[in-house]
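One structure is given below, encoded as structure tokens.
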Amino acid sequence: MTRRPPHTLRTDHLTDPLGLDEQHPDLAWQLTQGRQSAYQVQSATTSALLTDGACDLWDSGRVPGEAHTGIRYDGKAPGARQRVWWRVRVWDHSLRGDEDTPTAWSTPATWETGLPAPDDWAGAEWITAPDLGPGDPLPLLARDVSLPATPVRARLYATALGVYEAFVNGAPTGRARLEPGCTAFDKRLLYATYDVTEALRSGVNTIGIALGNGIARVLDTDGRYTKLRADHGSPRALALLYAEYADGASTTVVTDPSWRTRPGPVTLSAWFGGEEHDARLEPADWHRPGADRGGWRPAVPAPLPADVALTARAHPPVEVVDTLTPVALSEPRPGVHVFDLGTNIAGRPRLDVTGPAGTSVVIRPAELLAPDGTVNQRFTGTPCFDRYTLRGDPDGERWQPATVYHGFRWLQVEGLPEPPTPDTLRGEVMRAANTPAGGFRCSSDLLNGVHRLIDRAVQSNMYSLLTDCPHREKLGWLEQVHLVFPAVAHGYDVAAHYRKLVRDMADAQTATGLVPDIAPEYTVFEDKFRDDANWGGALVLAPWWLHRTYGDTATLRAHYPRMLRYLEHLRSRSPDGLILEHGLGDWMAFDTSTPKAVTATFAHRRIAAALADIAEAIGAHREAAAHRRLADDIAGAFHQRFHDADRHTYGSGSQACDALALEAGAVPAAETPAVLDHLVSGVRDAGDHVTVGEIALPSLLRVLSDHGRDDVVWDILSRTDNPSYGYQLAHGATALTERWDGPTRGSSQNHYMLGAATDWLVGSLAGLRQTPASVAYEHIVVRPAPVGDLTWASAWYDTPRGRASVAWHRAPGAFRLTVTLPPGADTRVELALPDGGRDVRQVPPGIHEFTVPGDWSPDAA
């Protein structure tokens with residue numbers, strides 16, 4: 001039998017990454033067939049050494065076990081700027097009689113280290129323009145570099161306080177935008193590694209850096225909208241170019257006062273309010289060899305505090321992922337043109353224009369229109385606009401802001417020198433370039449629309465932070481990071497991205513153990529907006545999602561001490577397990593009767609239970625038992641305090657109270673059917689609408705599905721009146737809105753916090769999920785829920801083991817199910833039978849088709 005090798009090798013959840021700080025990263029691979037019984041990893045400093053088996057870094061030898069996600073590299077620390085080549089082979093115990101024969105070696109993968117230690121940046125200085133004031137044009141920095149030969153390998157390591165664009169010989173260093181990403185700038189800045197080998201040549205080369213403010217410097221600016229104010233100092237840059245030649249020699253160039261600087265064309269860079277760019281101020285070919293730098297001044301050192309850490313960006317950057325052409329163009333007032341992109345996005349406008357020098361074009365982004373057809377910025381922060389001043393190029397000019405981004409569907413343009421066409425303005429869609437990882441479709445246009453709304457909102461808020469909205473706040477509110485994790489992860493591979501988000505939470509934790517509701521904490525909100533366990537608990541719950549979904553144990557180990565500090569913070573507020581009347585409650589609920597103590601105590605219990613599982617995963621078994629006792633005690637206190645035995649409900653009797661009690665395991669088994677009936681009655685009495693807010697919504701949908709009431713969830717999601725997802729679709733929403741009635745009420749039109757429905761669509765309706773105790777999809781369960789008048793549904797997901805997919809179709813004669821399962825996963829398929837029973841089967845990896853005869857038409861259901 002042919003023994004095909006493993007494939008899809010990944011390092012720290014990335015494919016052939018550049019510039020990692022981590023000296024002992026996690027390794028992972030996928031199997032081509034069978035079930036792994038052992039593995040062997042080899043690594044070396046060159047591909048030739050690896051091919052020869054001369055592994056100068058590591059040879060693991062044969063390691064028994066089925067694990068192939070999160071395997072720690074345990075070889076020699078490679079140090080700085082070192083490329084590591086690695087490969088893996090496995091043994092397969094499913095091949096009886098041939099267990100001792102390994103597969104062939106995999107195709108080699110690589111990773112490359114960056115500059116992990118401060119000494120690796122030796123000689124590089126933070127630099128900026130001299131006498132740079134808050135209202136001055138943003139600086140350009142440049143340095144000519146003479147290389148003795150064409151490099152065989154060259155890397156640019158760069159970062160900035162603020163945002164930057166880096167260029168080599170006039171070309172951008174890559175697709176990344178809005179670098180270096182949002183962090184707690186007084187504690188940490190991210191640097192990126194760019195492969196610039198192809199951009200360099202023998203002789204004179206030029207490195208250029210253009211700076212902007214980002215969220216590191218948000219000031220009162222020209223009367224524009226400002227959500228918050230922050231000033232970490234003037235924009236500045238740090239960079240190191242390393243070029244290596246065929247003979248082994250190398251050249252290193254660093255930022256220092258030998259660089260030259262001058263004011264650039266960006267005259268205003270306001271993170272919330274917009275950018276202004278005067279093209280007349282941009283020196284011709286300033287970032288190319290031979291540029292005239294007469295009048296340029298020497299850059300000046302601008303050191304940051306020594307305790308600000310430099311950390312490699314080890315997750316996908318923000319990139320332009322799509323470009324939208326307007327679907328409509330109007331002129332509500334003379335000279336005022338409004339472009340409709342047809343979809344609410346996050347990103348930036350792209351202007352193509354020809355006209356006289358000095359012509360000023362203003363672009364106003366918005367999510368809504370005013371009654372007169374002009375843009376309405378009332379709910380997104382006003383005024384916000386970009387301005388471009390033409391240099392007068394007769395061949396035309398193209399421009400897009402480089403230091404800001406916006407949320408918008410409509411773009412209002414004023415000052416065009418000639419009437420526009422649809423090609424005059426486009427919308428560039430931007431997001432973190434996390435790889436798409438899943439999909440869903442079904443026979444209902446309504447449910448497809450719900451999935452599309454949620455996905456668009458996830459994309460629009462998936463930047464270096466997971467933001468609440470891409471316009472008004474752009475802040476990392478933490479409740480969404482864990483409550484809506486399934487919606488994010490079902491659509492995109494966020495394993496590496498979430499590691500960064502967890503580190504942001506850890507950096508934001510205070511000396512008392514508190515984790516604020518936003519991270520990074522760019523502004524300190526009042527108490528209830530700063531200390532709610534459903535927000536701060538993301539420090540525990542997000543790493544647990546990472547572990548369960550991707551097999552990431554390293555993040556658990558790294559942050560477990562901080563999780564314990566957070567638990568102690570909660571215990572200081574709750575000596576008896578209850579957290580009384582604190583925090584934000586069930587945020588955005590229609591039924592406001594749910595006591596805050598219910599939502600806060602639910603979070604406390606959930607955090608304690610997750611810590612028990614986390615402690616087990618990292619081998620702290622004694623601590624796990626203590627955490628589990630605490631979780632049980634909290635559940636008992638919850639039941640004792642809030643149970644209403646006469647009405648078979650909890651707290652105020654709201655949908656939220658019932659759902660959270662059931663999800664928390666606070667309801668005794670004998671009482672569960674009655675509480676579930678009370679919950680269902682609450683939904684029916686509300687006309688099959690939810691009355692919960694964002695905290696209880698995931699629990700409500702999960703509890704109903706887990707207790708066999710997918711019919712109730714179907715009835716909820718089938719509504720088109722308020723409150724419902726369908727109401728948003730019926731009233732023109734193209735992304736999920738902040739409120740159920742967002743399109744008619746206002747507020748944010750691009751907000752993913754109510755996105756819990758995706759978990760039900762994929763995991764229950766289509767029926768593709770892992771079992772509750774599974775890690776990295778080692779145990780999959782396929783249990784479709786053919787409800788309502790649906791005739792078919794399908795979903796796919798790229799698990800760490802490979803792609804899994806489900807497709808079902810029901811008709812008068814039969815119910816048909818097709819399942820595709822990856823190697824290395826145990827799978828249970830549960831098929832509903834016409835008599836109400838279930839046909840349960842264990843199936844191996846591969847493609848399987850099942851048919852259940854009977855009348856499965858929607859009318860029969």
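By convention here, the chains of the structure tokens are called A, B, ... in the order presented, each chain's residues are numbered starting at 1, and ligands are numbered starting at 1 in the order presented.
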
Exercise. Could you give me, as a list of chain:residue names, each residue of segment 210-382 of chain A that DSSP assigns to helix (DSSP H, G or I) when run on this structure's backbone?
Key: A:Gly214, A:Ile215, A:Ala216, A:Ala279, A:Arg280, A:Leu281

Report as a Markdown table the residues of segment 803-834 of chain A within 9 Å of segment 776-779 of chain A, each with its shortest atom pair and distance in Å (one decimal), using only C-alpha atoms, ordered by chain and increasing residue number.
| residue | atom | partner | partner_atom | distance |
| --- | --- | --- | --- | --- |
| A:Gly824 | CA | A:Glu778 | CA | 6.8 |
| A:Ala825 | CA | A:Glu778 | CA | 4.6 |
| A:Asp826 | CA | A:His779 | CA | 4.8 |
| A:Thr827 | CA | A:His779 | CA | 5.6 |
| A:Arg828 | CA | A:His779 | CA | 7.8 |

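For segment 323-338 of chain A, the residues within 8 Å (counting only C-alpha atoms, excluding itself and residues fewer than 5 positions away along the chain) are Asp372, Gly373, Thr374, Val375, Trp410, Leu411, Gln412, Val413, Glu414, Gly415, Leu416, Pro420, Thr421, Pro422, Asp423, Leu425, Arg426, Gly427, Glu428 and Val429 of chain A.
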
Quiz prompt | DSSP strand (DSSP E or B) residues within segment 40-188 of chain A, listed as a PyMOL selection string | solution = chain A and resi 40-44+58-59+63-64+71-72+83-92+109-113+127-128+139-147+153-161+163-168+171-172+177+179+188

Selection to disk with C-alpha atoms, as a PDB file, in the first residue's frame:
ATOM      1  CA  GLN A  40       9.264  11.988  13.451  1.00  0.00           C
ATOM      2  CA  VAL A  41      10.258  15.606  12.837  1.00  0.00           C
ATOM      3  CA  GLN A  42      13.602  16.698  11.439  1.00  0.00           C
ATOM      4  CA  SER A  43      14.892  20.250  11.061  1.00  0.00           C
ATOM      5  CA  ALA A  44      18.024  21.839   9.669  1.00  0.00           C
ATOM      6  CA  TRP A  58      16.667  18.709  15.618  1.00  0.00           C
ATOM      7  CA  ASP A  59      15.731  15.125  15.018  1.00  0.00           C
ATOM      8  CA  VAL A  63       7.608   9.797  18.984  1.00  0.00           C
ATOM      9  CA  PRO A  64       4.553   7.660  19.771  1.00  0.00           C
ATOM     10  CA  ILE A  71       3.780  19.783  18.544  1.00  0.00           C
ATOM     11  CA  ARG A  72       6.468  21.904  20.195  1.00  0.00           C
ATOM     12  CA  ARG A  83      15.684  30.107   8.220  1.00  0.00           C
ATOM     13  CA  VAL A  84      14.685  26.698   9.551  1.00  0.00           C
ATOM     14  CA  TRP A  85      13.768  23.855   7.204  1.00  0.00           C
ATOM     15  CA  TRP A  86      11.673  21.030   8.605  1.00  0.00           C
ATOM     16  CA  ARG A  87       9.857  17.923   7.522  1.00  0.00           C
ATOM     17  CA  VAL A  88       7.808  15.168   9.101  1.00  0.00           C
ATOM     18  CA  ARG A  89       6.892  11.550   8.515  1.00  0.00           C
ATOM     19  CA  VAL A  90       4.381   9.414  10.390  1.00  0.00           C
ATOM     20  CA  TRP A  91       3.507   5.836  11.201  1.00  0.00           C
ATOM     21  CA  ASP A  92      -0.040   4.607  10.759  1.00  0.00           C
ATOM     22  CA  ALA A 109       8.338  23.593   5.155  1.00  0.00           C
ATOM     23  CA  THR A 110      10.199  26.563   6.543  1.00  0.00           C
ATOM     24  CA  TRP A 111      10.047  29.273   9.087  1.00  0.00           C
ATOM     25  CA  GLU A 112      12.415  32.139   9.615  1.00  0.00           C
ATOM     26  CA  THR A 113      13.252  33.946  12.813  1.00  0.00           C
ATOM     27  CA  ILE A 127      14.008  58.368  14.311  1.00  0.00           C
ATOM     28  CA  THR A 128      11.622  61.108  13.263  1.00  0.00           C
ATOM     29  CA  PRO A 139       7.210  63.110   7.673  1.00  0.00           C
ATOM     30  CA  LEU A 140       8.886  61.087   4.981  1.00  0.00           C
ATOM     31  CA  LEU A 141      12.124  59.262   5.830  1.00  0.00           C
ATOM     32  CA  ALA A 142      14.631  57.995   3.265  1.00  0.00           C
ATOM     33  CA  ARG A 143      18.095  56.493   3.047  1.00  0.00           C
ATOM     34  CA  ASP A 144      20.193  55.588   0.017  1.00  0.00           C
ATOM     35  CA  VAL A 145      22.084  52.324   0.365  1.00  0.00           C
ATOM     36  CA  SER A 146      24.959  51.174  -1.832  1.00  0.00           C
ATOM     37  CA  LEU A 147      25.202  47.388  -2.146  1.00  0.00           C
ATOM     38  CA  ARG A 153      18.514  37.073   0.565  1.00  0.00           C
ATOM     39  CA  ALA A 154      17.361  40.407   1.963  1.00  0.00           C
ATOM     40  CA  ARG A 155      14.994  41.317   4.758  1.00  0.00           C
ATOM     41  CA  LEU A 156      13.637  44.621   5.994  1.00  0.00           C
ATOM     42  CA  TYR A 157      12.574  44.617   9.651  1.00  0.00           C
ATOM     43  CA  ALA A 158      10.407  47.653  10.381  1.00  0.00           C
ATOM     44  CA  THR A 159       7.965  49.184  12.806  1.00  0.00           C
ATOM     45  CA  ALA A 160       6.684  52.591  13.826  1.00  0.00           C
ATOM     46  CA  LEU A 161       4.904  54.442  16.545  1.00  0.00           C
ATOM     47  CA  VAL A 163       1.348  53.764  11.182  1.00  0.00           C
ATOM     48  CA  TYR A 164       3.789  53.481   8.318  1.00  0.00           C
ATOM     49  CA  GLU A 165       4.300  52.468   4.724  1.00  0.00           C
ATOM     50  CA  ALA A 166       7.718  51.114   3.762  1.00  0.00           C
ATOM     51  CA  PHE A 167       9.191  51.177   0.269  1.00  0.00           C
ATOM     52  CA  VAL A 168      12.292  49.774  -1.392  1.00  0.00           C
ATOM     53  CA  ALA A 171       7.901  49.692  -4.521  1.00  0.00           C
ATOM     54  CA  PRO A 172       5.840  48.850  -1.417  1.00  0.00           C
ATOM     55  CA  ARG A 177      -1.550  48.003   5.291  1.00  0.00           C
ATOM     56  CA  GLU A 179       1.166  48.547   9.962  1.00  0.00           C
ATOM     57  CA  ARG A 188       4.528  46.766  23.135  1.00  0.00           C
TER      58      ARG A 188
END

Quiz item: Please, what distance in Å, to one decimal, runs between atom CA of Arg769 of chain A and atom CA of Ala631 of chain A?
Solution: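 Rounded to one decimal, the two atoms are 25.3 Å apart.
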
Exercise. Could you check which of A:Ala487, A:Ala811, A:Ala54, A:Leu31 is closest to His451 of chain A, using only C-alpha atoms?
Key: A:Ala487

Exercise. Could you give me, as a VMD selection string, the residues within 10 Å of Phe529 of chain A, counting only C-alpha atoms and dropping anything in the same chain fewer than 2 positions from it?
Key: chain A and resid 477 516 to 518 524 to 527 531 to 532 535 582 to 584

Go ahead and save the residues from that selection, with all heavy atoms, as a compact mmCIF listing (two decimals), in the first residue's frame.
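Result written to result_2.txt:
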# COMPACT_ATOMS: atom_id res chain seq x y z
N TRP A 477 -13.58 45.63 22.05
CA TRP A 477 -14.47 45.19 23.14
C TRP A 477 -14.40 43.66 23.22
O TRP A 477 -14.61 42.96 22.24
CB TRP A 477 -15.90 45.66 22.89
CG TRP A 477 -16.06 47.15 23.05
CD1 TRP A 477 -15.97 48.09 22.08
CD2 TRP A 477 -16.31 47.84 24.27
NE1 TRP A 477 -16.16 49.34 22.62
CE2 TRP A 477 -16.37 49.22 23.96
CE3 TRP A 477 -16.48 47.44 25.60
CZ2 TRP A 477 -16.60 50.20 24.93
CZ3 TRP A 477 -16.72 48.41 26.56
CH2 TRP A 477 -16.78 49.77 26.23
N PRO A 516 -9.71 44.87 31.72
CA PRO A 516 -10.73 45.84 31.32
C PRO A 516 -11.58 45.32 30.17
O PRO A 516 -11.21 44.36 29.49
CB PRO A 516 -9.92 47.07 30.92
CG PRO A 516 -8.57 46.54 30.57
CD PRO A 516 -8.35 45.35 31.45
N ASP A 517 -12.69 45.99 29.93
CA ASP A 517 -13.63 45.53 28.92
C ASP A 517 -13.11 45.73 27.50
O ASP A 517 -13.63 45.13 26.55
CB ASP A 517 -14.97 46.26 29.06
CG ASP A 517 -15.73 45.82 30.30
OD1 ASP A 517 -15.19 45.03 31.08
OD2 ASP A 517 -16.88 46.28 30.49
N ILE A 518 -12.10 46.60 27.33
CA ILE A 518 -11.47 46.76 26.02
C ILE A 518 -9.97 46.49 26.16
O ILE A 518 -9.37 46.76 27.20
CB ILE A 518 -11.69 48.17 25.43
CG1 ILE A 518 -11.11 49.25 26.35
CG2 ILE A 518 -13.16 48.42 25.13
CD1 ILE A 518 -11.09 50.63 25.74
N VAL A 524 -9.99 54.82 29.47
CA VAL A 524 -10.52 54.15 30.65
C VAL A 524 -11.96 54.59 30.84
O VAL A 524 -12.25 55.76 31.09
CB VAL A 524 -9.68 54.49 31.91
CG1 VAL A 524 -10.29 53.84 33.14
CG2 VAL A 524 -8.25 54.05 31.72
N PHE A 525 -12.88 53.62 30.69
CA PHE A 525 -14.29 53.92 30.84
C PHE A 525 -14.70 53.83 32.32
O PHE A 525 -13.95 53.34 33.16
CB PHE A 525 -15.13 52.95 30.01
CG PHE A 525 -14.99 53.14 28.53
CD1 PHE A 525 -14.32 52.20 27.74
CD2 PHE A 525 -15.50 54.26 27.91
CE1 PHE A 525 -14.19 52.38 26.38
CE2 PHE A 525 -15.38 54.45 26.54
CZ PHE A 525 -14.72 53.51 25.77
N GLU A 526 -15.92 54.29 32.60
CA GLU A 526 -16.42 54.23 33.97
C GLU A 526 -16.58 52.78 34.41
O GLU A 526 -16.56 51.86 33.59
CB GLU A 526 -17.73 54.98 34.08
CG GLU A 526 -18.84 54.42 33.20
CD GLU A 526 -20.14 55.19 33.30
OE1 GLU A 526 -20.89 54.93 34.25
OE2 GLU A 526 -20.38 56.06 32.44
N ASP A 527 -16.77 52.59 35.69
CA ASP A 527 -16.62 51.28 36.31
C ASP A 527 -17.38 50.16 35.62
O ASP A 527 -16.81 49.13 35.28
CB ASP A 527 -17.05 51.36 37.78
CG ASP A 527 -16.76 50.07 38.52
OD1 ASP A 527 -15.61 49.60 38.47
OD2 ASP A 527 -17.68 49.52 39.14
N ASP A 531 -15.30 46.78 34.07
CA ASP A 531 -15.09 45.57 34.87
C ASP A 531 -16.34 44.71 34.85
O ASP A 531 -17.16 44.76 35.76
CB ASP A 531 -14.72 45.96 36.30
CG ASP A 531 -14.35 44.74 37.14
OD1 ASP A 531 -14.17 43.65 36.58
OD2 ASP A 531 -14.24 44.89 38.38
N ASP A 532 -16.52 43.95 33.79
CA ASP A 532 -17.61 43.00 33.66
C ASP A 532 -17.01 41.66 33.28
O ASP A 532 -16.23 41.57 32.33
CB ASP A 532 -18.61 43.47 32.60
CG ASP A 532 -19.86 42.60 32.56
OD1 ASP A 532 -19.73 41.36 32.44
OD2 ASP A 532 -20.97 43.15 32.63
N TRP A 535 -16.84 40.38 29.80
CA TRP A 535 -15.87 41.04 28.94
C TRP A 535 -14.45 40.60 29.35
O TRP A 535 -13.72 40.01 28.55
CB TRP A 535 -16.01 42.56 29.04
CG TRP A 535 -17.08 43.15 28.16
CD1 TRP A 535 -16.87 43.90 27.04
CD2 TRP A 535 -18.50 43.07 28.32
NE1 TRP A 535 -18.08 44.30 26.49
CE2 TRP A 535 -19.09 43.80 27.24
CE3 TRP A 535 -19.35 42.46 29.24
CZ2 TRP A 535 -20.48 43.93 27.09
CZ3 TRP A 535 -20.72 42.58 29.09
CH2 TRP A 535 -21.27 43.30 28.03
N HIS A 582 -23.54 44.01 39.15
CA HIS A 582 -22.33 44.67 38.66
C HIS A 582 -22.19 44.44 37.17
O HIS A 582 -22.56 43.39 36.64
CB HIS A 582 -21.09 44.13 39.38
CG HIS A 582 -19.84 44.86 39.01
ND1 HIS A 582 -19.57 46.13 39.46
CD2 HIS A 582 -18.82 44.53 38.19
CE1 HIS A 582 -18.42 46.53 38.96
NE2 HIS A 582 -17.95 45.58 38.19
N GLY A 583 -21.64 45.41 36.50
CA GLY A 583 -21.34 45.26 35.09
C GLY A 583 -22.47 45.75 34.20
O GLY A 583 -23.34 46.53 34.60
N LEU A 584 -22.46 45.27 32.95
CA LEU A 584 -23.35 45.77 31.92
C LEU A 584 -24.59 44.93 31.72
O LEU A 584 -25.47 45.29 30.94
CB LEU A 584 -22.59 45.86 30.58
CG LEU A 584 -21.43 46.86 30.57
CD1 LEU A 584 -20.61 46.72 29.30
CD2 LEU A 584 -21.95 48.27 30.71

Self-check item: Spatial neighbours of Val502 of chain A, 9 Å, only C-alpha atoms, chain gap at least 6 places, as a list in words
Solution: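 Near neighbours after the sequence-gap exclusion: Ala538, Leu539, Val540, Ala542, Pro543, Thr555 and His559 of chain A.
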